[in-house]
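The data block below is entry_11.txt; it holds compact mmCIF, C-alpha atoms.
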```
# COMPACT_ATOMS: atom_id res chain seq x y z
CA MET A 1 -16.79 41.46 -6.88
CA ASN A 2 -20.45 42.31 -6.32
CA THR A 3 -22.96 39.71 -5.28
CA ARG A 4 -24.50 39.19 -8.70
CA THR A 5 -21.12 38.60 -10.31
CA TYR A 6 -20.20 36.28 -7.51
CA TYR A 7 -23.44 34.35 -7.88
CA ARG A 8 -22.85 33.92 -11.59
CA PHE A 9 -19.24 32.94 -11.12
CA ALA A 10 -20.10 30.36 -8.45
CA ALA A 11 -22.95 28.91 -10.48
CA ILE A 12 -20.79 28.59 -13.60
CA LEU A 13 -17.92 27.05 -11.68
CA ALA A 14 -20.22 24.60 -9.91
CA GLY A 15 -21.74 23.64 -13.24
CA ALA A 16 -18.34 23.19 -14.83
CA LEU A 17 -17.11 21.03 -11.97
CA ALA A 18 -20.23 18.89 -12.10
CA LEU A 19 -19.76 18.38 -15.84
CA ALA A 20 -16.07 17.64 -15.33
CA GLY A 21 -17.00 14.33 -13.76
CA CYS A 22 -17.41 14.98 -10.07
CA GLN A 23 -21.04 13.98 -10.29
CA THR A 24 -22.15 10.92 -12.14
CA VAL A 25 -25.40 9.91 -13.70
CA LYS A 26 -25.94 6.35 -12.57
CA PRO A 27 -25.15 5.47 -8.95
CA TYR A 28 -23.50 2.12 -8.27
CA ASP A 29 -25.68 -0.54 -6.61
CA TYR A 30 -23.96 -1.17 -3.27
CA THR A 31 -26.29 -3.96 -2.08
CA ASN A 32 -23.59 -6.64 -2.16
CA PHE A 33 -21.05 -4.31 -0.62
CA ARG A 34 -23.35 -3.58 2.30
CA ALA A 35 -24.01 -7.28 2.80
CA HIS A 36 -20.26 -7.97 3.22
CA PRO A 37 -18.57 -4.68 4.20
CA PRO A 38 -14.80 -5.33 4.33
CA ARG A 39 -12.35 -3.92 6.89
CA SER A 40 -9.19 -5.07 5.15
CA ILE A 41 -8.27 -5.03 1.46
CA LEU A 42 -5.48 -6.96 -0.22
CA VAL A 43 -4.28 -5.11 -3.33
CA LEU A 44 -2.70 -7.47 -5.83
CA PRO A 45 -0.34 -6.24 -8.58
CA PRO A 46 -2.43 -5.25 -11.63
CA LEU A 47 -2.79 -7.19 -14.83
CA ASN A 48 -0.92 -5.05 -17.30
CA GLU A 49 -2.61 -4.70 -20.69
CA SER A 50 -0.68 -1.54 -21.49
CA THR A 51 2.47 -1.56 -23.62
CA ALA A 52 4.55 -0.25 -20.70
CA VAL A 53 6.30 -2.92 -18.62
CA GLU A 54 6.92 -0.37 -15.83
CA GLY A 55 3.15 0.10 -15.50
CA THR A 56 2.73 -2.88 -13.18
CA TYR A 57 4.64 -1.33 -10.28
CA GLY A 58 4.38 2.29 -11.38
CA TYR A 59 0.64 1.91 -10.94
CA LEU A 60 0.58 -0.53 -8.00
CA THR A 61 2.53 1.93 -5.86
CA THR A 62 -0.20 4.57 -6.12
CA VAL A 63 -3.12 2.46 -4.87
CA THR A 64 -2.37 2.10 -1.15
CA ARG A 65 -2.94 5.73 -0.28
CA PRO A 66 -6.40 6.31 -1.79
CA VAL A 67 -7.74 3.00 -0.46
CA ALA A 68 -6.27 3.51 3.03
CA ASP A 69 -7.47 7.12 3.16
CA ARG A 70 -10.90 5.86 2.19
CA GLY A 71 -10.82 3.96 5.51
CA TYR A 72 -9.51 0.44 4.96
CA TYR A 73 -6.62 -1.60 6.21
CA VAL A 74 -4.42 -2.08 3.15
CA PHE A 75 -1.84 -4.84 3.26
CA PRO A 76 1.73 -3.71 2.41
CA VAL A 77 1.78 -4.14 -1.38
CA ALA A 78 5.50 -4.88 -1.81
CA VAL A 79 5.59 -7.37 1.06
CA VAL A 80 2.54 -9.16 -0.35
CA ASP A 81 4.09 -9.17 -3.84
CA GLN A 82 7.35 -10.61 -2.50
CA PHE A 83 5.54 -13.17 -0.35
CA MET A 84 3.52 -14.39 -3.34
CA LYS A 85 6.62 -14.61 -5.54
CA GLU A 86 8.40 -16.66 -2.90
CA ASN A 87 5.41 -18.97 -2.74
CA GLY A 88 5.27 -19.99 -6.37
CA LEU A 89 3.31 -17.12 -7.93
CA PRO A 90 5.90 -15.14 -9.93
CA THR A 91 3.55 -12.91 -11.98
CA ALA A 92 0.51 -10.69 -11.47
CA ASN A 93 -1.51 -13.03 -13.72
CA GLU A 94 -0.75 -16.00 -11.51
CA MET A 95 -1.38 -14.04 -8.31
CA GLN A 96 -4.78 -12.93 -9.59
CA GLN A 97 -5.67 -16.56 -10.36
CA ALA A 98 -4.87 -17.81 -6.85
CA PRO A 99 -7.94 -19.27 -5.10
CA LEU A 100 -9.67 -16.71 -2.88
CA ALA A 101 -9.92 -19.18 -0.02
CA LYS A 102 -6.14 -19.62 -0.11
CA ILE A 103 -5.58 -15.86 -0.11
CA ALA A 104 -7.95 -15.48 2.84
CA GLN A 105 -6.19 -18.27 4.70
CA ILE A 106 -2.72 -16.81 4.16
CA THR A 107 -3.46 -13.13 4.71
CA GLY A 108 -6.76 -12.89 6.59
CA ALA A 109 -7.93 -10.27 4.06
CA ASP A 110 -11.67 -9.59 3.92
CA ALA A 111 -11.55 -8.57 0.25
CA VAL A 112 -9.16 -8.60 -2.68
CA LEU A 113 -8.81 -5.69 -5.10
CA PHE A 114 -8.24 -6.99 -8.63
CA LEU A 115 -6.88 -4.29 -10.91
CA ASP A 116 -6.57 -4.27 -14.66
CA LEU A 117 -4.31 -1.63 -16.18
CA LYS A 118 -5.75 -0.84 -19.61
CA GLN A 119 -3.48 2.06 -20.53
CA TYR A 120 -0.30 3.43 -18.99
CA GLY A 121 2.08 5.87 -20.62
CA ALA A 122 2.53 8.40 -23.38
CA HIS A 123 0.47 8.63 -26.53
CA TYR A 124 2.49 10.57 -29.06
CA GLN A 125 0.65 13.06 -31.21
CA ILE A 126 1.94 15.39 -33.90
CA LEU A 127 3.02 18.30 -31.75
CA ASN A 128 3.10 16.89 -28.28
CA SER A 129 2.31 13.82 -26.26
CA VAL A 130 -0.37 12.96 -23.77
CA VAL A 131 0.22 10.70 -20.80
CA VAL A 132 -2.75 8.42 -20.21
CA VAL A 133 -3.65 6.03 -17.41
CA GLU A 134 -6.78 3.90 -17.49
CA VAL A 135 -7.69 1.19 -15.03
CA THR A 136 -10.60 -0.99 -14.02
CA ALA A 137 -11.04 -2.45 -10.55
CA LYS A 138 -13.03 -5.27 -8.98
CA LEU A 139 -13.35 -5.74 -5.23
CA VAL A 140 -14.22 -9.32 -4.31
CA ASP A 141 -15.20 -10.79 -0.94
CA THR A 142 -12.70 -13.53 -0.04
CA ARG A 143 -15.18 -15.66 1.90
CA THR A 144 -18.07 -15.79 -0.56
CA GLY A 145 -16.49 -14.71 -3.84
CA THR A 146 -19.15 -11.99 -4.15
CA LEU A 147 -18.33 -8.98 -6.30
CA LEU A 148 -18.61 -6.12 -3.79
CA TRP A 149 -17.77 -3.19 -6.04
CA GLU A 150 -16.30 -2.43 -9.43
CA GLY A 151 -15.17 0.77 -11.03
CA HIS A 152 -13.31 2.46 -13.83
CA GLY A 153 -10.85 5.33 -13.60
CA ALA A 154 -8.91 7.24 -16.22
CA ALA A 155 -6.88 10.41 -16.42
CA GLN A 156 -4.62 12.10 -18.90
CA GLN A 157 -2.13 14.91 -18.80
CA ALA A 158 -0.51 16.86 -21.59
CA SER A 159 3.22 16.36 -21.61
CA SER A 160 5.14 19.42 -20.48
CA GLY A 161 8.79 18.72 -21.13
CA THR A 162 11.19 17.79 -18.38
CA GLY A 163 11.19 18.78 -14.78
CA ASN A 164 10.77 17.50 -11.31
CA ILE A 165 7.70 15.29 -11.61
CA LEU A 166 7.30 14.57 -7.91
CA GLY A 167 7.74 17.95 -6.31
CA ASN A 168 9.93 18.75 -3.36
CA LEU A 169 8.34 16.67 -0.64
CA ILE A 170 10.14 13.45 -1.42
CA ALA A 171 13.60 12.48 -0.22
CA ALA A 172 16.31 13.45 -2.72
CA ALA A 173 17.54 9.91 -3.41
CA ILE A 174 14.03 8.73 -4.20
CA ASN A 175 13.36 11.75 -6.36
CA GLN A 176 16.55 11.10 -8.32
CA ALA A 177 15.81 7.42 -8.88
CA ILE A 178 12.27 8.11 -10.05
CA ASN A 179 13.04 11.15 -12.18
CA LYS A 180 15.78 9.19 -13.92
CA HIS A 181 13.08 6.94 -15.33
CA ALA A 182 10.80 9.89 -16.14
CA ASP A 183 7.72 7.73 -15.68
CA ARG A 184 5.11 10.49 -15.73
CA ALA A 185 2.28 8.00 -15.86
CA HIS A 186 3.07 7.17 -12.22
CA GLN A 187 1.80 10.59 -11.14
CA VAL A 188 -1.08 10.54 -13.60
CA SER A 189 -2.11 7.25 -11.92
CA ARG A 190 -3.00 9.28 -8.82
CA LEU A 191 -5.49 11.33 -10.85
CA ALA A 192 -6.96 8.19 -12.40
CA ASN A 193 -7.30 6.73 -8.88
CA ALA A 194 -9.17 9.80 -7.67
CA ASN A 195 -11.67 9.23 -10.50
CA LEU A 196 -11.83 5.53 -9.67
CA PHE A 197 -12.17 5.55 -5.87
CA PHE A 198 -13.51 8.93 -4.78
CA PRO A 199 -16.75 9.73 -6.68
CA GLU A 200 -19.61 9.72 -4.20
CA GLN A 201 -22.07 7.77 -6.36
CA THR A 202 -19.78 5.22 -7.98
CA GLY A 203 -16.60 5.12 -5.90
CA LEU A 204 -15.36 2.90 -3.11
CA PRO A 205 -17.54 3.53 -0.02
CA TYR A 206 -15.92 4.80 3.18
CA GLY A 207 -14.37 2.14 5.36
CA PRO A 208 -14.12 1.75 9.14
CA TYR A 209 -10.97 3.89 9.57
CA ASN A 210 -12.61 6.89 7.94
CA PRO A 211 -14.59 9.19 10.28
CA LYS A 212 -17.30 9.36 7.58
CA TYR A 213 -17.86 5.59 7.78
CA ASP A 214 -21.54 4.86 8.18
CA LYS A 215 -21.89 2.69 11.26
CA ALA A 216 -25.27 1.40 10.02
CA HIS A 217 -23.57 -0.55 7.19
CA MET B 218 -33.41 38.82 0.79
CA ILE B 219 -34.06 36.85 -2.40
CA ARG B 220 -30.63 37.78 -3.69
CA ARG B 221 -29.14 36.63 -0.40
CA ILE B 222 -30.79 33.22 -0.83
CA PHE B 223 -29.40 33.00 -4.35
CA VAL B 224 -25.91 33.77 -3.11
CA LEU B 225 -26.23 31.21 -0.33
CA GLY B 226 -27.52 28.59 -2.77
CA ALA B 227 -24.75 29.27 -5.27
CA THR B 228 -22.12 29.12 -2.55
CA LEU B 229 -23.49 25.83 -1.27
CA ALA B 230 -23.55 24.34 -4.78
CA LEU B 231 -19.96 25.44 -5.29
CA ALA B 232 -18.88 24.01 -1.94
CA LEU B 233 -20.53 20.67 -2.73
CA ALA B 234 -19.00 20.54 -6.19
CA LEU B 235 -15.55 21.27 -4.75
CA ALA B 236 -15.97 18.74 -1.95
CA GLY B 237 -16.73 16.06 -4.55
CA CYS B 238 -13.45 16.65 -6.33
CA ALA B 239 -11.08 17.55 -3.53
CA ALA B 240 -8.29 15.24 -2.48
CA GLN B 241 -9.15 13.23 0.59
CA PRO B 242 -7.64 14.52 3.81
CA SER B 243 -5.37 11.92 5.34
CA ARG B 244 -5.20 10.70 8.91
CA TYR B 245 -1.76 9.25 8.25
CA GLN B 246 1.78 10.45 7.79
CA TRP B 247 2.44 9.14 4.27
CA GLY B 248 5.88 10.67 3.89
CA SER B 249 7.81 8.84 1.16
CA TYR B 250 6.25 5.40 1.72
CA GLU B 251 4.72 4.76 -1.71
CA GLU B 252 7.55 6.50 -3.56
CA VAL B 253 10.18 4.50 -1.67
CA VAL B 254 8.42 1.29 -2.69
CA TYR B 255 8.17 2.51 -6.29
CA ALA B 256 11.85 3.52 -6.41
CA SER B 257 12.88 0.12 -5.02
CA TYR B 258 11.11 -1.55 -7.95
CA LEU B 259 12.63 0.86 -10.47
CA SER B 260 16.23 0.47 -9.45
CA HIS B 261 17.37 -1.50 -6.50
CA GLU B 262 21.01 -0.40 -6.85
CA ASP B 263 20.08 3.29 -6.57
CA VAL B 264 17.89 2.71 -3.55
CA PRO B 265 19.18 -0.32 -1.60
CA ALA B 266 17.26 -1.61 1.42
CA GLU B 267 19.57 0.30 3.81
CA LYS B 268 18.72 3.57 2.09
CA GLN B 269 14.99 2.76 2.16
CA VAL B 270 15.21 2.06 5.90
CA GLU B 271 16.98 5.37 6.47
CA ILE B 272 14.27 7.32 4.61
CA LEU B 273 11.40 5.54 6.35
CA GLU B 274 13.00 6.03 9.79
CA LYS B 275 13.22 9.74 9.06
CA ASP B 276 9.54 9.83 8.04
CA TYR B 277 8.73 8.13 11.32
CA GLN B 278 10.53 10.84 13.30
CA THR B 279 8.53 13.49 11.43
CA ALA B 280 5.29 11.65 12.19
CA ARG B 281 6.11 11.34 15.88
CA SER B 282 6.86 15.03 16.23
CA ALA B 283 3.54 15.83 14.50
CA ASN B 284 1.72 13.14 16.51
CA LEU B 285 0.50 11.39 13.33
CA ARG B 286 -0.04 7.67 12.72
CA MET B 287 1.81 5.75 10.05
CA PRO B 288 -0.43 4.33 7.29
CA PRO B 289 -1.64 0.72 7.15
CA GLY B 290 1.14 -1.63 6.08
CA TRP B 291 3.92 0.85 6.84
CA HIS B 292 5.34 -0.86 9.93
CA ALA B 293 5.11 -4.26 8.23
CA HIS B 294 6.98 -2.89 5.23
CA LEU B 295 9.72 -1.42 7.41
CA GLY B 296 9.88 -4.72 9.28
CA TYR B 297 10.36 -6.51 5.98
CA LEU B 298 13.22 -4.15 5.08
CA TYR B 299 14.88 -4.74 8.47
CA TYR B 300 14.56 -8.46 7.79
CA GLN B 301 16.28 -8.00 4.41
CA VAL B 302 19.25 -6.20 5.97
CA GLY B 303 19.56 -8.83 8.71
CA LYS B 304 18.14 -6.86 11.63
CA GLY B 305 15.86 -9.57 13.00
CA ASP B 306 15.04 -7.91 16.32
CA GLN B 307 13.97 -4.66 14.72
CA ALA B 308 12.01 -6.58 12.07
CA ARG B 309 10.08 -8.40 14.81
CA GLN B 310 9.44 -5.15 16.65
CA GLU B 311 7.99 -3.42 13.57
CA LEU B 312 5.81 -6.41 12.75
CA MET B 313 4.45 -6.43 16.30
CA THR B 314 3.70 -2.71 15.99
CA GLU B 315 1.79 -3.34 12.74
CA LYS B 316 -0.33 -5.96 14.48
CA ALA B 317 -0.98 -3.72 17.49
CA GLU B 318 -1.95 -0.71 15.34
CA PHE B 319 -4.02 -2.69 12.82
CA PRO B 320 -5.41 -5.99 14.15
CA GLU B 321 -6.62 -6.78 10.57
CA SER B 322 -2.98 -7.56 9.75
CA ALA B 323 -2.61 -10.32 12.40
CA VAL B 324 -2.91 -13.42 10.19
CA PHE B 325 -0.41 -12.17 7.61
CA VAL B 326 1.98 -10.63 10.15
CA ASP B 327 2.10 -13.89 12.13
CA ARG B 328 3.25 -15.64 8.95
CA LEU B 329 5.95 -13.05 8.41
CA LEU B 330 7.03 -13.34 12.06
CA ALA B 331 7.41 -17.09 11.60
CA ASN B 332 9.77 -16.39 8.67
CA VAL B 333 11.79 -13.91 10.71
CA LYS B 334 12.24 -16.49 13.47
CA LYS B 335 13.77 -18.89 10.94
CA GLN B 336 16.43 -16.34 10.00
```

Exercise: express the given structure as structure tokens:
Amino acid sequence: MNTRTYYRFAAILAGALALAGCQTVKPYDYTNFRAHPPRSILVLPPLNESTAVEGTYGYLTTVTRPVADRGYYVFPVAVVDQFMKENGLPTANEMQQAPLAKIAQITGADAVLFLDLKQYGAHYQILNSVVVVEVTAKLVDTRTGTLLWEGHGAAQQASSGTGNILGNLIAAAINQAINKHADRAHQVSRLANANLFFPEQTGLPYGPYNPKYDKAH
Amino acid sequence: MIRRIFVLGATLALALALAGCAAQPSRYQWGSYEEVVYASYLSHEDVPAEKQVEILEKDYQTARSANLRMPPGWHAHLGYLYYQVGKGDQARQELMTEKAEFPESAVFVDRLLANVKKQ
């Protein structure tokens, strides 16, 4: 392609990507975050406002990676869940109502990520269905109760029949167990999380384990 | 010259737009960690703790050969699985590794270690 065509192509693509949601209008105010920058984040199971019971864990098990890759220590979600259940908090609702001081005392977490699953699963339309995941998040400092950051993420994917939803990278037994349940919203959760955590102006700031972490914080 | 600046500017804009959307590169060997946890919630009989341990141990071998770290929480999770299948010594070892790799985990891991001791 000649240079002019290339220039046009690049400009159009850049514009399209910007419009697609990679750039946002109003930056988040990170004043509170910078006053109490956390190193470790405890992710509690989400409140589930969707109609899908499987959403609680189908979504929870997609949150560790984006938050850890962002640069934080993330407590093992299933171990935390089990520990809470064994200590008198059998549901996500009850876990999210536990006093912050108690959570800090038991886990040593700097901050707790409270998640609220608004939508999870298929919306059936006339000719096809769309899988939708929508979530809101609040990160709260365990020592002061300060809201450090909050965000919203959503994603949807047109349904495309059957098939291997996870790809070939996952062990066969796991693939089989997950595909049996055909929970496509689990994978769509990863897209919603990218929109929730990664935008530069509104997302979760880099943490200490990320090389891009700003030491001046 | 002017055209060259245009091309450079357009390329830069494109690169920035792409960088804003791209998946984050990972410093960790994720392997099947999150999917193993998910599968264990979906159906415990299909993926019993022994099977989960086997898959995670294999991921660990892959990570070692590629000289990659396991993600936060991974060693604690494997330790918890060892505890479930009655392998107390290995459970303790994994929990100690978690604490050594990620000191942020110390308070919680010490609690888990106390439980393992009771077993």

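Rounded to one decimal, atom CA of A:Leu100 and atom CA of B:Ala308 lie 28.2 Å from each other.
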
Take atom CA of A:Gln82 and atom CA of B:Tyr297 and report the distance between them in Å, one decimal.
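Pair atom CA of A:Gln82 / atom CA of B:Tyr297 returns 9.9 Å.
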
Of the candidates B:Gln307, B:Ser322, B:Asn332, B:Gln278, which shows the shortest atom-to-atom distance to chain A, using all atoms listed in the file?
B:Ser322

When you draw a straight line from atom CA of A:Lys138 to atom CA of A:Phe114, how long is it in Å?
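According to the coordinates, atom CA of A:Lys138 and atom CA of A:Phe114 are separated by 5.1 Å.
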
Pick the closest to chain A from B:Met313, B:Leu285, B:Val326, B:Ala280: which is it, counting only C-alpha atoms?
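With only C-alpha atoms as the atom set, the closest residue is B:Val326.
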
Give me the residues near stretch 260-273 of chain B as a count of residues only, where near means some atom within 7 Å (using all atoms listed in the file) and where sequence neighbours in that chain fewer than 6 positions away do not count.
6

Could you tell me which of A:Tyr213, A:Tyr59, A:Tyr206, A:Tyr28 comes closest to A:Ala185 if we count all atoms listed in the file?
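Of A:Tyr213, A:Tyr59, A:Tyr206, A:Tyr28, the one nearest A:Ala185 is A:Tyr59, counting all atoms listed in the file.
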
Polymer residues at most 9 Å from (13.4, -14.3, 10.7) by all atoms listed in the file, as number ranges by chain:
B: 300, 303-306, 308-309, 329-336

Selection near A:Val130, 6 Å with all atoms listed in the file, sequence-local residues under 5 positions removed, as a PyMOL selection string:
chain A and resi 122-123+157-159

Using all atoms listed in the file, which of A:Leu204, A:Val77, A:Ala155, A:Ala192 sits nearest chain B?
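With all atoms listed in the file as the atom set, the closest residue is A:Val77.
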